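Trainee: Pasting a structure below so you can have a look.
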Number of protein chains: 2
Amino acid sequence: MGALYVRSVQLPTKEVDDYREIAGEAAIESLRTAAEPLQGKRVLHINATSYGGGVAEILASLVPLTRSLGIDADWQVIEGNEDFFWITKTIHNGMHGGDVTITPAMLATYREVNRQNAENLEDAWDFVVVHDPQPMPLIREVPGSAHWVWRCHVDPSHAVPACKELVSEYLPEYEAGIFSLDAYSEGFPARTRATIPPSIDPLAPKNQPMSSGEIEQIATRYEVDPTRPILSTVSRFDQWKDLLGVIDTYRQVRQAVPGLQLLLIASMAHDDPEGWIFYEKTLRKAGEDPDIFFLTNLRGVHAPEVNAFQRLSAVGLLRSIREGFGLSVSESLWKGVPVVATRTGGIPLQILDGETGFLVEDAGAAAERVEALLTDQDLRRRMGAAGHAHVQQNFLITRHLLDYLRLFGRLEDQTRAS
Amino acid sequence: MGALYVRSVQLPTKEVDDYREIAGEAAIESLRTAAEPLQGKRVLHINATSYGGGVAEILASLVPLTRSLGIDADWQVIEGNEDFFWITKTIHNGMHGGDVTITPAMLATYREVNRQNAENLEDAWDFVVVHDPQPMPLIREVPGSAHWVWRCHVDPSHAVPACKELVSEYLPEYEAGIFSLDAYSEGFPARTRATIPPSIDPLAPKNQPMSSGEIEQIATRYEVDPTRPILSTVSRFDQWKDLLGVIDTYRQVRQAVPGLQLLLIASMAHDDPEGWIFYEKTLRKAGEDPDIFFLTNLRGVHAPEVNAFQRLSAVGLLRSIREGFGLSVSESLWKGVPVVATRTGGIPLQILDGETGFLVEDAGAAAERVEALLTDQDLRRRMGAAGHAHVQQNFLITRHLLDYLRLFGRLEDQTRAS
């Protein structure tokens with residue numbers, strides 16, 4: 001037996017019925033209908049980490065909601081040593097198109113850690129959803145009759161050849177491959193292809209309703225002035241987000257909108273040296289301008305604070321050169337805050353140009369659109385309302401869960417038919 | 001039994017004889033003489049952490065060197081939960097004079113965690129050296145006939161009353177209290193009082209000799225120009241170090257010394273929110289000046305890099321308002337680099353004013369002295385040589401170890417005499 005064990009993540013209870021008001025009666029009824037043929041089935045989600053990042057945030061809501069529909073769902077994370085996580089981080093960077101080298105020795109460790117985890121994995125599941133490349137080789141080692149599905153959370157279109165090969169080696173063994181956008185699955189050999197965009201949980205601490213008292217308290221704690229206009233960007237610090245460009249836009253717009261404040265909201269990962277380099281560059285570019293705020297986990301900014309800062313904002317801005325999906329756009333739209341952003345990743349699905357925000361091609365257009373929104377309250381309100389409605393229809397966790405249930409149903413039907 | 005266990009720290013071998021050339025024949029002979037009556041004795045050092053910070057650095061050298069003298073030394077760290085370490089961090093801040101509240105419930109947890117560790121502590125020691133307040137209550141719970149000594153690594157003279165009381169409650173149970181400076185033990189009820197300043201290990205990665213090739217390679221990696229003059233500060237980012245003042249001094253001096261570079265060398269602790277606030281303030285004050293370098297562990301700066309950057313420096317600068325001891329001064333002096341610093345903590349023991357560097361009272365004097373050194377190579381060489389000799393005689397790990405062995409001998413004599 002291997003010495004590495006997948007572990008279940010402890011999760012609070014969540015009830016689908018609590019989403020009735022927010023997602024609408026019809027959404028809940030569709031969920032119940034789709035769950036009907038899956039009663040008592042066992043669904044396992046496996047990924048590499050239970051904290052930090054969008055995948056963990058989604059599973060923390062998705063799995064308890066699946067349970068509340070009479071389906072026996074679990075979320076487990078694989079175990080690994082430092083080498084393994086360094087290797088999978090390299091693979092992850094290569095998936096994003098980073099210039100990485102993946103040696104045969106690295107691949108051997110990657111497979112061996114998965115083999116050991118697989119040996120200790122219970123095999124009494126009906127559906128196993130494997131998230132991202134880290135646990136992808138598990139499938140080869142586990143017997144049993146489960147439907148195995150691979151869920152890709154990144155944009156793999158720019159992946160380096162070694163990473164494309166790796167995914168292409170394991171993907172045909174899965175019954176289905178799920179990607180966030182149609183374009184992301186191009187060139188990958190999936191037996192069944194599903195497109196499921198990610199989603200936000202409107203009742204999670206990052207998105208749930210907040211009283212204006214709470215919001216003001218958080219503004220005061222971070223010395224943000226709620227009476228002056230606020231532009232905000234929620235983004236990691238890396239080379240693909242162009243935060244230096246965000247500061248340029250802010251400076252340009254501030255000439256027309258005096259007193260404008262810029263909130264840069266991010267979570268810093270301690271194991272991401274590149275992130276620190278961009279963090280420092282951005283801080284130094286900001287200089288001593290007291291109206292640029294760096295709001296990170298280092299300063300105690302977690303989900304509730306992000307929620308408050310988004311609600312305080314008049315406009316959201318993303319100038320990313322590349323995005324996995326860009327889900328922070330939906331977080332802003334949900335709070336009635338229109339967003340100006342570049343046309344990349346899943347952003348055009350969320351920003352309907354001129355309706356829920358503006359898609360922009362260059363720095364000039366970004367500044368112009370941000371200024372237009374900041375100086376026109378009616379436009380902001382109209383777009384904010386349209387954005388909220390668009391997210392309600394397309395990017396809530398209930399829709400996400402429905403897509404999974406329908407895919408599971410389809411896989412069962414295929415098996416029965418064959 | 002408690003569920004918490006002290007754990008031994010794994011250490012490499014070190015040989016006192018390897019220090020013969022660097023510390024001098026006489027120093028090694030004194031060590032052997034002092035170790036003679038302690039042959040086969042068992043010495044235990046206990047603290048709260050095996051990594052990060054000066055205490056861990058010292059023990060990593062002190063314990064293996066003690067072993068190489070025929071004494072059975074061990075270093076163990078106590079175990080605790082998150083609450084405990086949050087509480088001891090609060091106590092630590094209070095020891096430095098920070099405005100903290102220590103509740104009875106916090107004290108109860110603090111004592112209980114120590115009680116559980118104590119229950120699992122082997123009691124067959126001749127000497128137990130307890131470092132800093134975290135494991136201080138251990139003594140109350142452990143039977144046996146060991147000589148217990150408490151070693152204080154901070155400047156406790158500004159401690160808040162609650163912290164002074166805590167130390168004063170436990171200290172009388174110890175046979176001796178060791179402080180870094182005479183002045184630091186004032187007002188504390190120690191049965192035997194010993195002053196032992198800290199030390200540097202000249203063969204550790206932070207101080208060991210380095211080839212100019214290695215040094216240049218590191219300079220190149222961080223884009224520091226070794227052909228232009230370098231001023232460096234090694235310091236944590238906190239309110240007591242006045243790094244904003246360091247930038248002011250650099251800017252002032254740069255007018256007279258064009259091309260001057262400033263290296264700010266530090267280690268960031270992830271659990272120190274205050275540190276991040278000062279880090280950000282300093283980055284933002286530095287702005288986009290390409291000749292100010294932030295060289296931290298976040299960017300891969302560890303002991304060898306610190307070593308190289310100190311060796312690259314023409315002058316060291318510390319403008320601390322308060323210092324535990326200020327051992328980075330000795331690190332610089334050891335490398336032949338004179339230091340300009342404020343008269344605080346143990347700095348005046350290391351900087352003999354006008355001989356190994358300059359003690360300064362205000363910003364004007366700091367800039368004046370730094371400029372004087374940067375523009376006078378002869379003065380730098382003379383002071384650098386004097387600084388190296390001063391550290392060799394007073395602040396090497398061999399002297400530090402000798403002080404411990406002599407204290408142990410004295411405690412044995414006292415017991416025999418009583």
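We label chains A, B, ... in the order they appear in the structure tokens, count residues from 1 in each chain, and number ligands from 1 in the order shown.
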DSSP on the backbone: what in stretch 21-199 of chain A comes out helix (DSSP H, G or I), as an NGL selection string?

Mentor: :A and (21-23 or 25-38 or 53-67 or 82-95 or 104-119 or 138-141 or 156-158 or 161-173 or 182-185)

Trainee: When the cut-off is 10 Å and we count only C-alpha atoms, which residues of chain B are near chain A, given as a PyMOL selection string?

Mentor: chain B and resi 270-277+279-290+294+297-300

Trainee: Quick one: pull the distance between atom CA of B:Lys335 and atom CA of B:Arg32, Å, one decimal.

Mentor: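 Separating atom CA of B:Lys335 from atom CA of B:Arg32 is a distance of 27.3 Å.
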
Trainee: Can you list, as a list in words, every protein, DNA or RNA residue that comes within 8 Å of B:Pro137 when you count only C-alpha atoms, leaving out same-chain residues fewer than 5 positions away?

Mentor: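 Counting only the stated atoms, we get Arg111, Asn114, Arg115 and Tyr170 of chain B.
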
Trainee: Atoms to include: C-alpha atoms. Write the selected residues as a PDB file, in the first residue's frame.

Mentor:
ATOM      1  CA  ARG B 111       0.025  27.512  31.502  1.00  0.00           C
ATOM      2  CA  ASN B 114       3.165  24.225  29.110  1.00  0.00           C
ATOM      3  CA  ARG B 115       1.801  21.737  31.657  1.00  0.00           C
ATOM      4  CA  TYR B 170       8.376  32.406  37.209  1.00  0.00           C
TER       5      TYR B 170
END

Trainee: Of the candidates B:Leu44, B:Leu203, B:Cys163, B:Leu327, which shows the shortest atom-to-atom distance to B:Glu15, using only C-alpha atoms?

Mentor: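 Closest residue, counting only C-alpha atoms: B:Leu203.
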
Trainee: Which polymer residues have any atom within 8 Å of an atom of stretch 88-95 of chain B, counting only C-alpha atoms, with same-chain residues fewer than 2 positions away left out, as a PyMOL selection string?

Mentor: chain B and resi 84-86+97-102+110+133-134+154-156+158-160+162-164

Trainee: For the residues in that selection, give me N, CA, C and O atoms as an mmCIF file, in the first residue's frame.

Mentor:
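Saved result, out-v4.cif, follows:
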data_model
loop_
_atom_site.group_PDB
_atom_site.id
_atom_site.type_symbol
_atom_site.label_atom_id
_atom_site.label_comp_id
_atom_site.auth_asym_id
_atom_site.auth_seq_id
_atom_site.Cartn_x
_atom_site.Cartn_y
_atom_site.Cartn_z
ATOM 1 N N PHE B 84 -2.350 29.013 21.531
ATOM 2 C CA PHE B 84 -1.150 29.180 22.355
ATOM 3 C C PHE B 84 -0.155 30.105 21.673
ATOM 4 O O PHE B 84 0.373 31.032 22.296
ATOM 5 N N PHE B 85 0.079 29.906 20.395
ATOM 6 C CA PHE B 85 1.086 30.726 19.720
ATOM 7 C C PHE B 85 0.597 32.160 19.505
ATOM 8 O O PHE B 85 1.389 33.094 19.503
ATOM 9 N N TRP B 86 -0.703 32.324 19.387
ATOM 10 C CA TRP B 86 -1.246 33.668 19.318
ATOM 11 C C TRP B 86 -1.040 34.366 20.676
ATOM 12 O O TRP B 86 -0.649 35.534 20.740
ATOM 13 N N GLY B 97 6.925 46.180 24.896
ATOM 14 C CA GLY B 97 6.268 47.437 25.250
ATOM 15 C C GLY B 97 5.042 47.728 24.415
ATOM 16 O O GLY B 97 4.471 48.814 24.501
ATOM 17 N N GLY B 98 4.623 46.771 23.594
ATOM 18 C CA GLY B 98 3.420 46.966 22.770
ATOM 19 C C GLY B 98 2.179 47.005 23.649
ATOM 20 O O GLY B 98 2.158 46.424 24.738
ATOM 21 N N ASP B 99 1.162 47.688 23.163
ATOM 22 C CA ASP B 99 -0.060 47.879 23.927
ATOM 23 C C ASP B 99 -0.928 46.630 23.787
ATOM 24 O O ASP B 99 -1.697 46.499 22.844
ATOM 25 N N VAL B 100 -0.809 45.693 24.724
ATOM 26 C CA VAL B 100 -1.528 44.418 24.604
ATOM 27 C C VAL B 100 -2.363 44.157 25.853
ATOM 28 O O VAL B 100 -2.112 44.732 26.901
ATOM 29 N N THR B 101 -3.354 43.291 25.689
ATOM 30 C CA THR B 101 -4.156 42.865 26.827
ATOM 31 C C THR B 101 -3.924 41.371 27.030
ATOM 32 O O THR B 101 -4.005 40.602 26.080
ATOM 33 N N ILE B 102 -3.618 40.998 28.250
ATOM 34 C CA ILE B 102 -3.426 39.578 28.559
ATOM 35 C C ILE B 102 -4.477 39.194 29.593
ATOM 36 O O ILE B 102 -4.432 39.645 30.732
ATOM 37 N N TYR B 110 -1.967 29.395 28.274
ATOM 38 C CA TYR B 110 -0.502 29.444 28.275
ATOM 39 C C TYR B 110 0.080 28.442 29.282
ATOM 40 O O TYR B 110 0.972 27.642 28.966
ATOM 41 N N PRO B 133 9.851 33.846 26.954
ATOM 42 C CA PRO B 133 8.705 33.545 27.833
ATOM 43 C C PRO B 133 7.861 32.332 27.437
ATOM 44 O O PRO B 133 7.208 31.742 28.295
ATOM 45 N N GLN B 134 7.863 31.935 26.170
ATOM 46 C CA GLN B 134 6.907 30.897 25.740
ATOM 47 C C GLN B 134 6.933 29.642 26.623
ATOM 48 O O GLN B 134 5.894 29.185 27.059
ATOM 49 N N VAL B 154 15.114 39.190 24.568
ATOM 50 C CA VAL B 154 14.628 40.517 24.186
ATOM 51 C C VAL B 154 15.076 41.561 25.203
ATOM 52 O O VAL B 154 15.636 41.227 26.246
ATOM 53 N N ASP B 155 14.824 42.825 24.878
ATOM 54 C CA ASP B 155 15.011 43.917 25.831
ATOM 55 C C ASP B 155 13.708 44.061 26.606
ATOM 56 O O ASP B 155 12.723 44.547 26.060
ATOM 57 N N PRO B 156 13.684 43.600 27.877
ATOM 58 C CA PRO B 156 12.413 43.614 28.606
ATOM 59 C C PRO B 156 12.194 44.916 29.374
ATOM 60 O O PRO B 156 11.236 45.041 30.126
ATOM 61 N N HIS B 158 11.125 47.788 28.573
ATOM 62 C CA HIS B 158 9.913 48.546 28.276
ATOM 63 C C HIS B 158 8.657 47.676 28.368
ATOM 64 O O HIS B 158 7.585 48.091 27.936
ATOM 65 N N ALA B 159 8.801 46.440 28.904
ATOM 66 C CA ALA B 159 7.659 45.514 28.945
ATOM 67 C C ALA B 159 6.474 46.129 29.685
ATOM 68 O O ALA B 159 6.657 46.893 30.632
ATOM 69 N N VAL B 160 5.262 45.779 29.235
ATOM 70 C CA VAL B 160 4.060 46.246 29.929
ATOM 71 C C VAL B 160 3.971 45.513 31.276
ATOM 72 O O VAL B 160 4.533 44.426 31.438
ATOM 73 N N ALA B 162 1.807 43.652 32.794
ATOM 74 C CA ALA B 162 1.360 42.250 32.799
ATOM 75 C C ALA B 162 2.509 41.308 32.439
ATOM 76 O O ALA B 162 2.627 40.212 32.992
ATOM 77 N N CYS B 163 3.360 41.717 31.512
ATOM 78 C CA CYS B 163 4.476 40.868 31.096
ATOM 79 C C CYS B 163 5.581 40.863 32.151
ATOM 80 O O CYS B 163 6.188 39.826 32.425
ATOM 81 N N LYS B 164 5.849 42.018 32.738
ATOM 82 C CA LYS B 164 6.843 42.062 33.817
ATOM 83 C C LYS B 164 6.411 41.152 34.964
ATOM 84 O O LYS B 164 7.218 40.415 35.529
#

Trainee: Write out as a PyMOL selection string the residues lying within 10 Å of stretch 349-356 of chain A, counting only C-alpha atoms and excluding same-chain residues fewer than 6 positions away.

Mentor: chain A and resi 181+197+325-330+333+336-343+369+379-380+382-391+394-395

Trainee: Running DSSP on the backbone, which parts of stretch 93-202 of chain B land in strand (DSSP E), as an MDAnalysis selection string?

Mentor: chainID B and resid 127:131 147:151 176:179 193:195

Trainee: Might you pull out every residue within 10 Å of A:Ser157, with only C-alpha atoms counted and same-chain residues fewer than 4 positions away left off, and present them as a ChimeraX atom specification?

Mentor: /A:95-97,164,183-188

Trainee: Tell me which of A:Gln414, A:Pro161, A:Ala60, A:Arg399 sits closest to A:Ile196, counting only C-alpha atoms.

Mentor: A:Arg399

Trainee: Neighbouring residues of B:Ala118 were defined as those with any atom within 8 Å, considering only C-alpha atoms; residues of the same chain fewer than 5 positions away were excluded. Please report them as a PyMOL selection string.

Mentor: chain B and resi 138-139+141-142

Trainee: Selected residues, N, CA and C atoms, written as a JSON list (two decimals), in the first residue's frame, please.

Mentor:
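Result file result_38.json:
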[["chain", "number", "residue", "atom", "x", "y", "z"],
["B", 138, "LEU", "N", 7.26, 25.79, 32.18],
["B", 138, "LEU", "CA", 7.64, 24.37, 32.22],
["B", 138, "LEU", "C", 8.23, 23.99, 33.57],
["B", 139, "ILE", "N", 9.06, 24.87, 34.12],
["B", 139, "ILE", "CA", 9.84, 24.56, 35.33],
["B", 139, "ILE", "C", 8.94, 24.09, 36.47],
["B", 141, "GLU", "N", 6.43, 22.29, 36.50],
["B", 141, "GLU", "CA", 5.79, 20.99, 36.35],
["B", 141, "GLU", "C", 6.77, 19.84, 36.31],
["B", 142, "VAL", "N", 8.06, 20.14, 36.18],
["B", 142, "VAL", "CA", 9.02, 19.06, 35.98],
["B", 142, "VAL", "C", 9.79, 18.78, 37.27]]

Trainee: Have a look at atom CA of A:Glu216 and atom CA of A:Leu231 and let me know their distance in Å, one decimal.

Mentor: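 Interatomic distance, atom CA of A:Glu216 to atom CA of A:Leu231: 16.4 Å.
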
Trainee: Quote the spacing between atom CA of A:Ile292 and atom CA of B:Ile321 in Å to one decimal place.

Mentor: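 A separation of 28.8 Å between them.
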